[in-house]
file target-v6.cif (mmCIF, C-alpha atoms and all ligand atoms)
data_input
#
loop_
_atom_site.group_PDB
_atom_site.id
_atom_site.type_symbol
_atom_site.label_atom_id
_atom_site.label_comp_id
_atom_site.auth_asym_id
_atom_site.auth_seq_id
_atom_site.Cartn_x
_atom_site.Cartn_y
_atom_site.Cartn_z
ATOM 1 C CA MET A 10 -77.559 42.494 -5.551
ATOM 2 C CA GLN A 11 -79.022 40.589 -8.522
ATOM 3 C CA VAL A 12 -77.776 41.835 -11.901
ATOM 4 C CA VAL A 13 -79.270 41.909 -15.386
ATOM 5 C CA GLU A 14 -76.713 41.004 -18.042
ATOM 6 C CA ALA A 15 -77.007 42.514 -21.502
ATOM 7 C CA ASN A 16 -74.489 42.817 -24.325
ATOM 8 C CA GLY A 17 -71.506 42.743 -21.942
ATOM 9 C CA ALA A 18 -72.973 44.895 -19.156
ATOM 10 C CA ARG A 19 -73.920 43.711 -15.654
ATOM 11 C CA ILE A 20 -76.573 46.128 -14.427
ATOM 12 C CA PRO A 21 -77.742 45.960 -10.780
ATOM 13 C CA ALA A 22 -81.409 44.986 -11.097
ATOM 14 C CA VAL A 23 -82.648 47.637 -8.652
ATOM 15 C CA GLY A 24 -81.458 51.225 -8.894
ATOM 16 C CA LEU A 25 -82.533 54.518 -7.371
ATOM 17 C CA GLY A 26 -84.343 56.967 -9.670
ATOM 18 C CA THR A 27 -83.517 60.614 -8.968
ATOM 19 C CA LEU A 28 -85.854 62.655 -11.172
ATOM 20 C CA PHE A 29 -87.206 65.669 -9.186
ATOM 21 C CA LEU A 30 -84.735 65.045 -6.319
ATOM 22 C CA LYS A 31 -82.907 68.319 -5.910
ATOM 23 C CA GLY A 32 -80.362 69.948 -3.614
ATOM 24 C CA GLU A 33 -79.943 68.712 -0.067
ATOM 25 C CA ILE A 34 -82.786 66.160 -0.349
ATOM 26 C CA CYS A 35 -81.035 64.546 -3.320
ATOM 27 C CA THR A 36 -77.684 64.310 -1.510
ATOM 28 C CA ARG A 37 -79.375 62.913 1.596
ATOM 29 C CA ILE A 38 -81.467 60.288 -0.248
ATOM 30 C CA VAL A 39 -78.645 59.091 -2.503
ATOM 31 C CA THR A 40 -76.317 58.812 0.511
ATOM 32 C CA ALA A 41 -78.993 56.898 2.447
ATOM 33 C CA ALA A 42 -79.659 54.646 -0.564
ATOM 34 C CA LEU A 43 -75.987 53.703 -0.831
ATOM 35 C CA ALA A 44 -75.909 53.002 2.921
ATOM 36 C CA ALA A 45 -79.039 50.821 2.518
ATOM 37 C CA GLY A 46 -77.345 48.710 -0.157
ATOM 38 C CA TYR A 47 -78.337 50.369 -3.451
ATOM 39 C CA ARG A 48 -75.534 50.018 -5.998
ATOM 40 C CA HIS A 49 -77.161 51.674 -9.004
ATOM 41 C CA ILE A 50 -78.066 55.364 -9.287
ATOM 42 C CA ASP A 51 -79.980 56.824 -12.242
ATOM 43 C CA THR A 52 -79.510 60.505 -13.026
ATOM 44 C CA ALA A 53 -79.532 62.696 -16.150
ATOM 45 C CA GLN A 54 -78.166 66.028 -17.177
ATOM 46 C CA MET A 55 -81.739 67.297 -17.428
ATOM 47 C CA TYR A 56 -82.482 66.413 -13.772
ATOM 48 C CA GLY A 57 -80.164 69.175 -12.556
ATOM 49 C CA ASN A 58 -78.829 67.022 -9.704
ATOM 50 C CA GLU A 59 -75.609 65.438 -10.996
ATOM 51 C CA ARG A 60 -73.541 67.571 -8.598
ATOM 52 C CA GLU A 61 -75.566 66.334 -5.621
ATOM 53 C CA VAL A 62 -75.387 62.726 -6.840
ATOM 54 C CA GLY A 63 -71.603 63.067 -7.085
ATOM 55 C CA GLU A 64 -71.390 64.537 -3.567
ATOM 56 C CA ALA A 65 -73.419 61.620 -2.207
ATOM 57 C CA LEU A 66 -71.234 59.065 -3.987
ATOM 58 C CA ARG A 67 -68.151 60.530 -2.337
ATOM 59 C CA ALA A 68 -69.816 60.942 1.072
ATOM 60 C CA SER A 69 -71.011 57.318 1.074
ATOM 61 C CA GLY A 70 -67.513 55.872 1.166
ATOM 62 C CA VAL A 71 -68.673 53.071 -1.170
ATOM 63 C CA PRO A 72 -65.805 52.273 -3.575
ATOM 64 C CA ARG A 73 -66.406 53.790 -6.996
ATOM 65 C CA ASP A 74 -66.217 50.445 -8.797
ATOM 66 C CA GLU A 75 -69.074 49.080 -6.685
ATOM 67 C CA VAL A 76 -71.650 51.634 -7.842
ATOM 68 C CA PHE A 77 -73.285 51.640 -11.267
ATOM 69 C CA VAL A 78 -73.938 55.259 -12.284
ATOM 70 C CA THR A 79 -76.145 56.147 -15.257
ATOM 71 C CA THR A 80 -76.545 59.583 -16.788
ATOM 72 C CA LYS A 81 -78.195 60.813 -19.984
ATOM 73 C CA VAL A 82 -77.782 63.389 -22.721
ATOM 74 C CA TRP A 83 -80.889 65.546 -23.272
ATOM 75 C CA TRP A 84 -82.484 65.587 -26.729
ATOM 76 C CA ASP A 85 -81.365 69.147 -27.593
ATOM 77 C CA LYS A 86 -77.682 68.218 -27.128
ATOM 78 C CA LEU A 87 -77.467 65.271 -29.518
ATOM 79 C CA ALA A 88 -75.632 66.843 -32.448
ATOM 80 C CA PRO A 89 -71.943 65.901 -32.525
ATOM 81 C CA GLY A 90 -69.918 68.522 -30.627
ATOM 82 C CA ASN A 91 -72.842 69.386 -28.335
ATOM 83 C CA PHE A 92 -73.013 65.734 -27.365
ATOM 84 C CA GLU A 93 -69.417 65.479 -26.168
ATOM 85 C CA ARG A 94 -69.732 68.814 -24.306
ATOM 86 C CA SER A 95 -72.847 67.562 -22.497
ATOM 87 C CA VAL A 96 -71.052 64.404 -21.349
ATOM 88 C CA GLU A 97 -67.957 66.309 -20.212
ATOM 89 C CA GLU A 98 -70.193 68.693 -18.251
ATOM 90 C CA SER A 99 -72.042 65.757 -16.647
ATOM 91 C CA LEU A 100 -68.776 64.096 -15.610
ATOM 92 C CA ALA A 101 -67.432 67.353 -14.169
ATOM 93 C CA LYS A 102 -70.610 67.800 -12.096
ATOM 94 C CA LEU A 103 -70.580 64.163 -10.958
ATOM 95 C CA GLY A 104 -66.859 64.400 -10.179
ATOM 96 C CA LEU A 105 -66.268 61.171 -12.098
ATOM 97 C CA SER A 106 -63.901 60.274 -14.926
ATOM 98 C CA THR A 107 -66.389 57.827 -16.433
ATOM 99 C CA VAL A 108 -70.005 56.783 -16.021
ATOM 100 C CA ASP A 109 -71.096 53.156 -16.103
ATOM 101 C CA LEU A 110 -73.924 53.824 -18.519
ATOM 102 C CA LEU A 111 -74.618 56.762 -20.807
ATOM 103 C CA LEU A 112 -78.004 57.059 -22.523
ATOM 104 C CA ILE A 113 -79.545 59.192 -25.235
ATOM 105 C CA HIS A 114 -82.440 60.524 -23.121
ATOM 106 C CA TRP A 115 -84.889 60.975 -26.035
ATOM 107 C CA ASN A 116 -84.292 60.797 -29.755
ATOM 108 C CA ASN A 117 -84.270 64.153 -31.569
ATOM 109 C CA PRO A 118 -86.082 63.775 -34.900
ATOM 110 C CA GLN A 119 -83.934 66.637 -36.284
ATOM 111 C CA VAL A 120 -80.640 64.796 -35.657
ATOM 112 C CA PRO A 121 -80.006 61.634 -37.721
ATOM 113 C CA LEU A 122 -79.458 58.575 -35.553
ATOM 114 C CA LYS A 123 -76.178 57.879 -37.283
ATOM 115 C CA ASP A 124 -74.940 61.206 -35.822
ATOM 116 C CA SER A 125 -76.390 60.901 -32.296
ATOM 117 C CA VAL A 126 -75.669 57.187 -31.895
ATOM 118 C CA GLY A 127 -72.312 57.775 -33.589
ATOM 119 C CA ALA A 128 -71.471 60.432 -30.975
ATOM 120 C CA LEU A 129 -72.658 58.112 -28.179
ATOM 121 C CA CYS A 130 -70.377 55.312 -29.373
ATOM 122 C CA LYS A 131 -67.454 57.691 -29.855
ATOM 123 C CA VAL A 132 -67.802 58.854 -26.253
ATOM 124 C CA LYS A 133 -67.644 55.219 -25.139
ATOM 125 C CA ARG A 134 -64.531 54.590 -27.208
ATOM 126 C CA GLY A 135 -63.004 57.720 -25.637
ATOM 127 C CA GLY A 136 -63.433 56.110 -22.204
ATOM 128 C CA LEU A 137 -66.060 58.500 -20.798
ATOM 129 C CA ALA A 138 -68.696 55.746 -20.513
ATOM 130 C CA ARG A 139 -68.254 52.023 -19.840
ATOM 131 C CA HIS A 140 -71.521 51.148 -21.559
ATOM 132 C CA VAL A 141 -74.013 52.972 -23.751
ATOM 133 C CA GLY A 142 -77.703 52.721 -24.473
ATOM 134 C CA VAL A 143 -80.861 54.619 -25.269
ATOM 135 C CA ALA A 144 -84.077 55.718 -23.604
ATOM 136 C CA ASN A 145 -87.604 56.125 -24.913
ATOM 137 C CA PHE A 146 -86.744 54.411 -28.210
ATOM 138 C CA THR A 147 -89.636 52.934 -30.210
ATOM 139 C CA VAL A 148 -89.207 49.712 -32.194
ATOM 140 C CA PRO A 149 -88.218 51.468 -35.472
ATOM 141 C CA LEU A 150 -85.820 53.784 -33.614
ATOM 142 C CA LEU A 151 -84.259 50.865 -31.770
ATOM 143 C CA ASP A 152 -83.814 48.809 -34.933
ATOM 144 C CA GLU A 153 -82.160 51.753 -36.692
ATOM 145 C CA ALA A 154 -79.984 52.608 -33.682
ATOM 146 C CA VAL A 155 -78.672 49.043 -33.527
ATOM 147 C CA SER A 156 -77.920 49.049 -37.237
ATOM 148 C CA VAL A 157 -75.811 52.240 -37.007
ATOM 149 C CA ALA A 158 -74.177 51.613 -33.607
ATOM 150 C CA GLY A 159 -70.493 50.739 -33.616
ATOM 151 C CA GLU A 160 -70.729 49.654 -29.970
ATOM 152 C CA PRO A 161 -73.220 47.333 -28.259
ATOM 153 C CA LEU A 162 -76.299 49.050 -26.817
ATOM 154 C CA VAL A 163 -77.057 47.559 -23.413
ATOM 155 C CA THR A 164 -80.403 49.042 -22.401
ATOM 156 C CA ASN A 165 -83.499 50.838 -23.582
ATOM 157 C CA GLN A 166 -84.852 52.797 -20.612
ATOM 158 C CA ILE A 167 -88.605 53.078 -21.089
ATOM 159 C CA GLU A 168 -91.775 53.647 -19.083
ATOM 160 C CA VAL A 169 -92.927 50.271 -17.738
ATOM 161 C CA HIS A 170 -95.409 49.529 -14.961
ATOM 162 C CA PRO A 171 -98.508 47.370 -14.570
ATOM 163 C CA TYR A 172 -100.783 49.868 -16.361
ATOM 164 C CA LEU A 173 -98.790 50.048 -19.623
ATOM 165 C CA ASP A 174 -98.338 47.401 -22.304
ATOM 166 C CA GLN A 175 -94.794 47.559 -23.663
ATOM 167 C CA ALA A 176 -94.812 44.105 -25.317
ATOM 168 C CA LYS A 177 -93.672 45.365 -28.738
ATOM 169 C CA VAL A 178 -90.666 47.331 -27.480
ATOM 170 C CA ASP A 179 -89.897 44.504 -25.058
ATOM 171 C CA ALA A 180 -89.766 41.989 -27.907
ATOM 172 C CA ALA A 181 -87.505 44.271 -29.982
ATOM 173 C CA CYS A 182 -85.120 44.684 -27.029
ATOM 174 C CA ALA A 183 -85.001 40.908 -26.534
ATOM 175 C CA ARG A 184 -84.310 40.401 -30.256
ATOM 176 C CA HIS A 185 -81.258 42.692 -29.942
ATOM 177 C CA GLY A 186 -80.081 41.329 -26.574
ATOM 178 C CA ILE A 187 -80.804 44.755 -25.045
ATOM 179 C CA SER A 188 -82.129 44.962 -21.484
ATOM 180 C CA VAL A 189 -85.220 46.947 -20.547
ATOM 181 C CA THR A 190 -84.817 49.426 -17.714
ATOM 182 C CA ALA A 191 -88.268 50.206 -16.340
ATOM 183 C CA TYR A 192 -88.780 53.848 -15.434
ATOM 184 C CA CYS A 193 -91.865 54.961 -13.493
ATOM 185 C CA PRO A 194 -92.019 51.391 -12.110
ATOM 186 C CA LEU A 195 -94.426 52.620 -9.407
ATOM 187 C CA ALA A 196 -96.472 54.558 -11.976
ATOM 188 C CA ARG A 197 -95.548 57.752 -10.146
ATOM 189 C CA GLY A 198 -97.362 56.775 -6.982
ATOM 190 C CA LYS A 199 -100.431 55.044 -8.525
ATOM 191 C CA VAL A 200 -99.069 51.555 -7.757
ATOM 192 C CA PRO A 201 -98.993 51.862 -3.918
ATOM 193 C CA GLY A 202 -102.791 52.304 -3.743
ATOM 194 C CA ASP A 203 -103.687 49.546 -6.217
ATOM 195 C CA GLU A 204 -106.172 47.005 -4.787
ATOM 196 C CA THR A 205 -105.095 44.064 -6.971
ATOM 197 C CA LEU A 206 -101.421 44.573 -6.161
ATOM 198 C CA ALA A 207 -102.241 44.990 -2.466
ATOM 199 C CA ARG A 208 -104.287 41.742 -2.494
ATOM 200 C CA VAL A 209 -101.444 39.810 -4.154
ATOM 201 C CA GLY A 210 -99.038 41.448 -1.707
ATOM 202 C CA LYS A 211 -101.052 40.272 1.317
ATOM 203 C CA ARG A 212 -100.398 36.642 0.301
ATOM 204 C CA HIS A 213 -96.634 37.282 0.334
ATOM 205 C CA GLY A 214 -96.449 39.729 3.232
ATOM 206 C CA LYS A 215 -95.399 42.476 0.802
ATOM 207 C CA SER A 216 -96.686 45.928 -0.186
ATOM 208 C CA ALA A 217 -98.323 46.765 -3.531
ATOM 209 C CA SER A 218 -95.117 48.618 -4.525
ATOM 210 C CA GLN A 219 -92.984 45.562 -3.792
ATOM 211 C CA ILE A 220 -95.329 43.383 -5.872
ATOM 212 C CA ALA A 221 -95.081 45.703 -8.908
ATOM 213 C CA LEU A 222 -91.279 45.777 -8.632
ATOM 214 C CA ARG A 223 -91.156 41.983 -8.251
ATOM 215 C CA TRP A 224 -93.406 41.567 -11.331
ATOM 216 C CA LEU A 225 -90.974 43.699 -13.350
ATOM 217 C CA LEU A 226 -87.911 41.833 -12.037
ATOM 218 C CA GLN A 227 -89.461 38.443 -12.822
ATOM 219 C CA ARG A 228 -89.901 39.676 -16.410
ATOM 220 C CA GLY A 229 -86.127 40.338 -16.500
ATOM 221 C CA ARG A 230 -86.292 44.125 -16.261
ATOM 222 C CA VAL A 231 -84.101 46.523 -14.326
ATOM 223 C CA VAL A 232 -86.177 48.800 -12.034
ATOM 224 C CA ILE A 233 -85.299 52.299 -10.853
ATOM 225 C CA PRO A 234 -87.964 53.425 -8.344
ATOM 226 C CA ARG A 235 -87.578 56.896 -6.890
ATOM 227 C CA THR A 236 -88.411 57.962 -3.371
ATOM 228 C CA SER A 237 -87.690 61.102 -1.401
ATOM 229 C CA LYS A 238 -88.350 59.259 1.874
ATOM 230 C CA SER A 239 -85.470 57.338 3.361
ATOM 231 C CA GLU A 240 -87.843 54.884 5.132
ATOM 232 C CA ARG A 241 -89.098 53.718 1.716
ATOM 233 C CA LEU A 242 -85.621 52.905 0.372
ATOM 234 C CA ALA A 243 -85.436 49.570 2.179
ATOM 235 C CA GLU A 244 -88.989 48.644 1.142
ATOM 236 C CA ASN A 245 -88.197 49.209 -2.546
ATOM 237 C CA LEU A 246 -85.022 47.128 -2.275
ATOM 238 C CA ASP A 247 -86.650 44.254 -0.370
ATOM 239 C CA VAL A 248 -88.035 42.602 -3.502
ATOM 240 C CA PHE A 249 -86.038 39.371 -3.570
ATOM 241 C CA GLY A 250 -86.522 36.047 -1.790
ATOM 242 C CA PHE A 251 -90.122 35.489 -2.902
ATOM 243 C CA THR A 252 -91.684 34.533 -6.233
ATOM 244 C CA LEU A 253 -94.982 35.485 -7.842
ATOM 245 C CA SER A 254 -96.808 32.520 -9.365
ATOM 246 C CA GLU A 255 -97.649 32.459 -13.083
ATOM 247 C CA ALA A 256 -101.298 33.104 -12.138
ATOM 248 C CA GLU A 257 -100.276 36.171 -10.107
ATOM 249 C CA MET A 258 -98.026 37.406 -12.931
ATOM 250 C CA ALA A 259 -100.976 37.050 -15.340
ATOM 251 C CA GLU A 260 -103.290 38.895 -12.937
ATOM 252 C CA ILE A 261 -100.846 41.830 -12.891
ATOM 253 C CA ASP A 262 -100.386 41.674 -16.697
ATOM 254 C CA ALA A 263 -104.159 42.207 -16.938
ATOM 255 C CA LEU A 264 -103.920 45.642 -15.249
ATOM 256 C CA LYS A 265 -102.606 47.235 -18.468
ATOM 257 C CA ARG A 266 -104.936 49.781 -20.063
ATOM 258 C CA PRO A 267 -104.954 51.918 -23.206
ATOM 259 C CA ASP A 268 -104.533 55.213 -21.310
ATOM 260 C CA GLY A 269 -101.802 53.888 -19.018
ATOM 261 C CA ARG A 270 -98.939 55.999 -20.302
ATOM 262 C CA LEU A 271 -97.798 58.770 -17.907
ATOM 263 C CA VAL A 272 -94.840 60.383 -19.671
ATOM 264 C CA SER A 273 -95.065 62.267 -22.986
ATOM 265 C CA PRO A 274 -92.106 63.076 -25.214
ATOM 266 C CA PRO A 275 -90.583 66.536 -24.695
ATOM 267 C CA HIS A 276 -91.031 67.149 -28.454
ATOM 268 C CA ALA A 277 -93.302 65.756 -31.215
ATOM 269 C CA PRO A 278 -94.802 62.381 -30.120
ATOM 270 C CA ARG A 279 -93.361 59.450 -32.031
ATOM 271 C CA TRP A 280 -94.729 56.387 -30.286
ATOM 272 C CA ASP A 281 -95.904 53.809 -32.779
HETATM 273 N N1 LIG B 1 -85.593 58.111 -19.318
HETATM 274 C C1 LIG B 1 -86.640 58.853 -19.060
HETATM 275 O O1 LIG B 1 -87.164 59.571 -19.939
HETATM 276 C C2 LIG B 1 -87.238 58.824 -17.684
HETATM 277 C C3 LIG B 1 -88.533 59.360 -17.476
HETATM 278 C C4 LIG B 1 -89.055 59.285 -16.187
HETATM 279 C C5 LIG B 1 -88.322 58.714 -15.144
HETATM 280 N N2 LIG B 1 -87.060 58.242 -15.370
HETATM 281 C C6 LIG B 1 -86.242 57.656 -14.279
HETATM 282 O O2 LIG B 1 -87.014 56.653 -13.611
HETATM 283 C C7 LIG B 1 -87.101 56.971 -12.225
HETATM 284 C C8 LIG B 1 -88.392 56.467 -11.634
HETATM 285 O O3 LIG B 1 -89.539 57.072 -12.233
HETATM 286 P P1 LIG B 1 -90.364 58.248 -11.525
HETATM 287 O O4 LIG B 1 -89.486 58.937 -10.562
HETATM 288 O O5 LIG B 1 -90.994 59.072 -12.577
HETATM 289 O O6 LIG B 1 -91.572 57.503 -10.789
HETATM 290 P P2 LIG B 1 -91.782 56.218 -9.829
HETATM 291 O O7 LIG B 1 -90.490 55.694 -9.331
HETATM 292 O O8 LIG B 1 -92.712 55.287 -10.545
HETATM 293 O O9 LIG B 1 -92.647 56.827 -8.653
HETATM 294 C C9 LIG B 1 -92.129 57.726 -7.732
HETATM 295 C C10 LIG B 1 -93.253 58.074 -6.765
HETATM 296 O O10 LIG B 1 -93.612 56.925 -5.998
HETATM 297 C C11 LIG B 1 -93.568 57.241 -4.610
HETATM 298 N N3 LIG B 1 -93.034 56.071 -3.905
HETATM 299 C C12 LIG B 1 -91.798 55.521 -4.033
HETATM 300 N N4 LIG B 1 -91.682 54.416 -3.291
HETATM 301 C C13 LIG B 1 -92.863 54.266 -2.643
HETATM 302 C C14 LIG B 1 -93.345 53.311 -1.715
HETATM 303 N N5 LIG B 1 -92.598 52.277 -1.326
HETATM 304 N N6 LIG B 1 -94.613 53.466 -1.238
HETATM 305 C C15 LIG B 1 -95.388 54.491 -1.649
HETATM 306 N N7 LIG B 1 -94.986 55.431 -2.522
HETATM 307 C C16 LIG B 1 -93.729 55.320 -3.022
HETATM 308 C C17 LIG B 1 -92.664 58.442 -4.490
HETATM 309 O O11 LIG B 1 -93.096 59.264 -3.436
HETATM 310 P P3 LIG B 1 -92.128 59.637 -2.194
HETATM 311 O O12 LIG B 1 -91.018 60.451 -2.759
HETATM 312 O O13 LIG B 1 -93.061 60.396 -1.310
HETATM 313 O O14 LIG B 1 -91.678 58.330 -1.630
HETATM 314 C C18 LIG B 1 -92.879 59.171 -5.822
HETATM 315 O O15 LIG B 1 -93.988 60.043 -5.738
HETATM 316 C C19 LIG B 1 -86.929 58.499 -12.205
HETATM 317 O O16 LIG B 1 -86.678 58.992 -10.923
HETATM 318 C C20 LIG B 1 -85.814 58.668 -13.211
HETATM 319 O O17 LIG B 1 -84.578 58.340 -12.627
HETATM 320 C C21 LIG B 1 -86.526 58.264 -16.639
#

call {"tool": "encode", "arguments": {"input": "target-v6.cif", "output": "structure tokens"}}
result
Amino acid sequence: MQVVEANGARIPAVGLGTLFLKGEICTRIVTAALAAGYRHIDTAQMYGNEREVGEALRASGVPRDEVFVTTKVWWDKLAPGNFERSVEESLAKLGLSTVDLLLIHWNNPQVPLKDSVGALCKVKRGGLARHVGVANFTVPLLDEAVSVAGEPLVTNQIEVHPYLDQAKVDAACARHGISVTAYCPLARGKVPGDETLARVGKRHGKSASQIALRWLLQRGRVVIPRTSKSERLAENLDVFGFTLSEAEMAEIDALKRPDGRLVSPPHAPRWD
């Protein structure tokens, strides 16, 4: 599996997203993903499936140190004290002593970053997370987070797909040596039916979904597509061994549009 290196972390470039995967379906898909070769699983306390993810990790028989597990602290648990409790609860549900990556899921405008990022870094120093990072951070938030962080931040997990221009946040991440983890890489199911992506895909013998994932990977991003269908796991992982030309990359860049964003903040919008 190709990795993306950032500030000391080696993150498997393709992971499995698990938002909305619940109960038995979650356990089954995560187990199947690990059997298919996935070595990176993305969960969050808010997803309500850490227990199932943990069960699948154990059932898979894949050694713990071969799987990169990410979880996140929800925005209403960022104050010191609450933060540590959230992480301990996540680890207990996962059945793990440490996660590979712990993220602040969304900033909370009511909690100063020096407190939330301070708590994040303290958790890392306490050994509960190997690496730390953020999600949904704008350029000003990212700049401030880096300035108050006592530990390196390794990723900013943000919405990225062909319909959304994230050039500004991308540039800020690059400036700080922070990787971009692309969530909603398939634009929640809009990518598979896209005519441009399908046309490019035909040239390479690939699906529209594989072309969007390849476009993201060629831009150096980590991708975490979700599927609830085991037959799609292999398709979403089979995105290596071919290269999109610069002209094809540019054609996909041109799909961005002003109303491309799919996910809104759970509290007051702060995208700038
Ligand atoms: N940090 C954050 O705030 C945040 C926010 C959103 C998401 N995330 C993370 O990012 C992950 C991915 O984002 P997402 O789940 O919102 O959306 P996504 O991965 O862009 O899209 C998932 C959708 O695409 C479909 N799909 C998957 N593979 C396909 C294929 N090969 N062909 C056709 N359809 C396919 C799935 O349907 P089927 O199930 O029917 O295959 C599902 O409806 C999440 O699961 C979560 O882990 C993080």

call {"tool": "residues_near_ligand", "arguments": {"input": "target-v6.cif", "ligand": "ligand LIG 1 (chain B)", "cutoff": "7 Å", "atoms": "all atoms listed in the file", "output": "ChimeraX atom specification"}}
result
/A:25-29,51-52,114-115,144-145,166-168,192-198,201,218,233-238,241,244-245,272

call {"tool": "closest_residue", "arguments": {"input": "target-v6.cif", "among": "A:Asn58, A:Thr164, A:Asn16, A:Gln219", "to": "Lys102 of chain A", "atoms": "only C-alpha atoms"}}
result
A:Asn58

call {"tool": "closest_residue", "arguments": {"input": "target-v6.cif", "among": "A:Thr190, A:Gln175, A:Asn116, A:Ser99", "to": "Val23 of chain A", "atoms": "only C-alpha atoms"}}
result
A:Thr190

call {"tool": "residues_around", "arguments": {"input": "target-v6.cif", "residues": "Ala41 of chain A", "least_positions_apart": "6", "cutoff": "12 Å", "atoms": "all atoms listed in the file", "output": "number ranges by chain"}}
result
A: 25, 34-35, 47-48, 50, 62, 65-66, 68-71, 236-243

call {"tool": "write_last_selection", "arguments": {"input": "target-v6.cif", "atoms": "C-alpha atoms", "output": "PDB file, in the frame of the given file"}}
result
ATOM      1  CA  LEU A  25     -82.533  54.518  -7.371  1.00  0.00           C
ATOM      2  CA  ILE A  34     -82.786  66.160  -0.349  1.00  0.00           C
ATOM      3  CA  CYS A  35     -81.035  64.546  -3.320  1.00  0.00           C
ATOM      4  CA  TYR A  47     -78.337  50.369  -3.451  1.00  0.00           C
ATOM      5  CA  ARG A  48     -75.534  50.018  -5.998  1.00  0.00           C
ATOM      6  CA  ILE A  50     -78.066  55.364  -9.287  1.00  0.00           C
ATOM      7  CA  VAL A  62     -75.387  62.726  -6.840  1.00  0.00           C
ATOM      8  CA  ALA A  65     -73.419  61.620  -2.207  1.00  0.00           C
ATOM      9  CA  LEU A  66     -71.234  59.065  -3.987  1.00  0.00           C
ATOM     10  CA  ALA A  68     -69.816  60.942   1.072  1.00  0.00           C
ATOM     11  CA  SER A  69     -71.011  57.318   1.074  1.00  0.00           C
ATOM     12  CA  GLY A  70     -67.513  55.872   1.166  1.00  0.00           C
ATOM     13  CA  VAL A  71     -68.673  53.071  -1.170  1.00  0.00           C
ATOM     14  CA  THR A 236     -88.411  57.962  -3.371  1.00  0.00           C
ATOM     15  CA  SER A 237     -87.690  61.102  -1.401  1.00  0.00           C
ATOM     16  CA  LYS A 238     -88.350  59.259   1.874  1.00  0.00           C
ATOM     17  CA  SER A 239     -85.470  57.338   3.361  1.00  0.00           C
ATOM     18  CA  GLU A 240     -87.843  54.884   5.132  1.00  0.00           C
ATOM     19  CA  ARG A 241     -89.098  53.718   1.716  1.00  0.00           C
ATOM     20  CA  LEU A 242     -85.621  52.905   0.372  1.00  0.00           C
ATOM     21  CA  ALA A 243     -85.436  49.570   2.179  1.00  0.00           C
TER      22      ALA A 243
END

call {"tool": "resolve_selection", "arguments": {"input": "target-v6.cif", "expression": "the PyMOL selection byres (((chain A and resi 124) around 12) and not hetatm)", "output": "MDAnalysis selection string"}}
result
chainID A and resid 86:93 113 116:123 125:131 153:154 157:159

call {"tool": "residues_around", "arguments": {"input": "target-v6.cif", "residues": "Arg212 of chain A", "least_positions_apart": "4", "cutoff": "12 Å", "atoms": "only C-alpha atoms", "output": "VMD selection string"}}
result
chain A and resid 205 to 208 216 to 217 220 251 to 254 257

call {"tool": "atom_distance", "arguments": {"input": "target-v6.cif", "atom1": "atom CA of Val82 of chain A", "atom2": "atom CA of Leu111 of chain A"}}
result
7.6 Å

call {"tool": "atom_distance", "arguments": {"input": "target-v6.cif", "atom1": "atom CA of Glu59 of chain A", "atom2": "atom CA of His140 of chain A"}}
result
18.2 Å

call {"tool": "closest_residue", "arguments": {"input": "target-v6.cif", "among": "A:Leu173, A:Leu151, A:Ala191, A:Ala44", "to": "Arg266 of chain A", "atoms": "only C-alpha atoms"}}
result
A:Leu173

call {"tool": "closest_residue", "arguments": {"input": "target-v6.cif", "among": "A:Ala101, A:Ala42, A:Val155, A:Leu30", "to": "Leu137 of chain A", "atoms": "only C-alpha atoms"}}
result
A:Ala101

call {"tool": "build_atoms", "arguments": {"input": "target-v6.cif", "residues": "segment 202-211 of chain A", "atoms": "N, CA and C atoms", "output": "tab-separated table (two decimals), keeping the file's coordinate frame"}}
result
chain	number	residue	atom	x	y	z
A	202	GLY	N	-101.38	52.40	-4.16
A	202	GLY	CA	-102.79	52.30	-3.74
A	202	GLY	C	-103.60	51.29	-4.54
A	203	ASP	N	-102.95	50.47	-5.34
A	203	ASP	CA	-103.69	49.55	-6.22
A	203	ASP	C	-104.22	48.34	-5.44
A	204	GLU	N	-105.53	48.08	-5.57
A	204	GLU	CA	-106.17	47.00	-4.79
A	204	GLU	C	-105.69	45.61	-5.19
A	205	THR	N	-105.54	45.39	-6.51
A	205	THR	CA	-105.10	44.06	-6.97
A	205	THR	C	-103.69	43.78	-6.46
A	206	LEU	N	-102.81	44.76	-6.60
A	206	LEU	CA	-101.42	44.57	-6.16
A	206	LEU	C	-101.36	44.38	-4.64
A	207	ALA	N	-102.22	45.12	-3.93
A	207	ALA	CA	-102.24	44.99	-2.47
A	207	ALA	C	-102.73	43.59	-2.07
A	208	ARG	N	-103.74	43.09	-2.80
A	208	ARG	CA	-104.29	41.74	-2.49
A	208	ARG	C	-103.23	40.66	-2.74
A	209	VAL	N	-102.52	40.78	-3.87
A	209	VAL	CA	-101.44	39.81	-4.15
A	209	VAL	C	-100.38	39.94	-3.06
A	210	GLY	N	-100.08	41.18	-2.71
A	210	GLY	CA	-99.04	41.45	-1.71
A	210	GLY	C	-99.36	40.81	-0.36
A	211	LYS	N	-100.64	40.82	0.02
A	211	LYS	CA	-101.05	40.27	1.32
A	211	LYS	C	-100.64	38.80	1.43
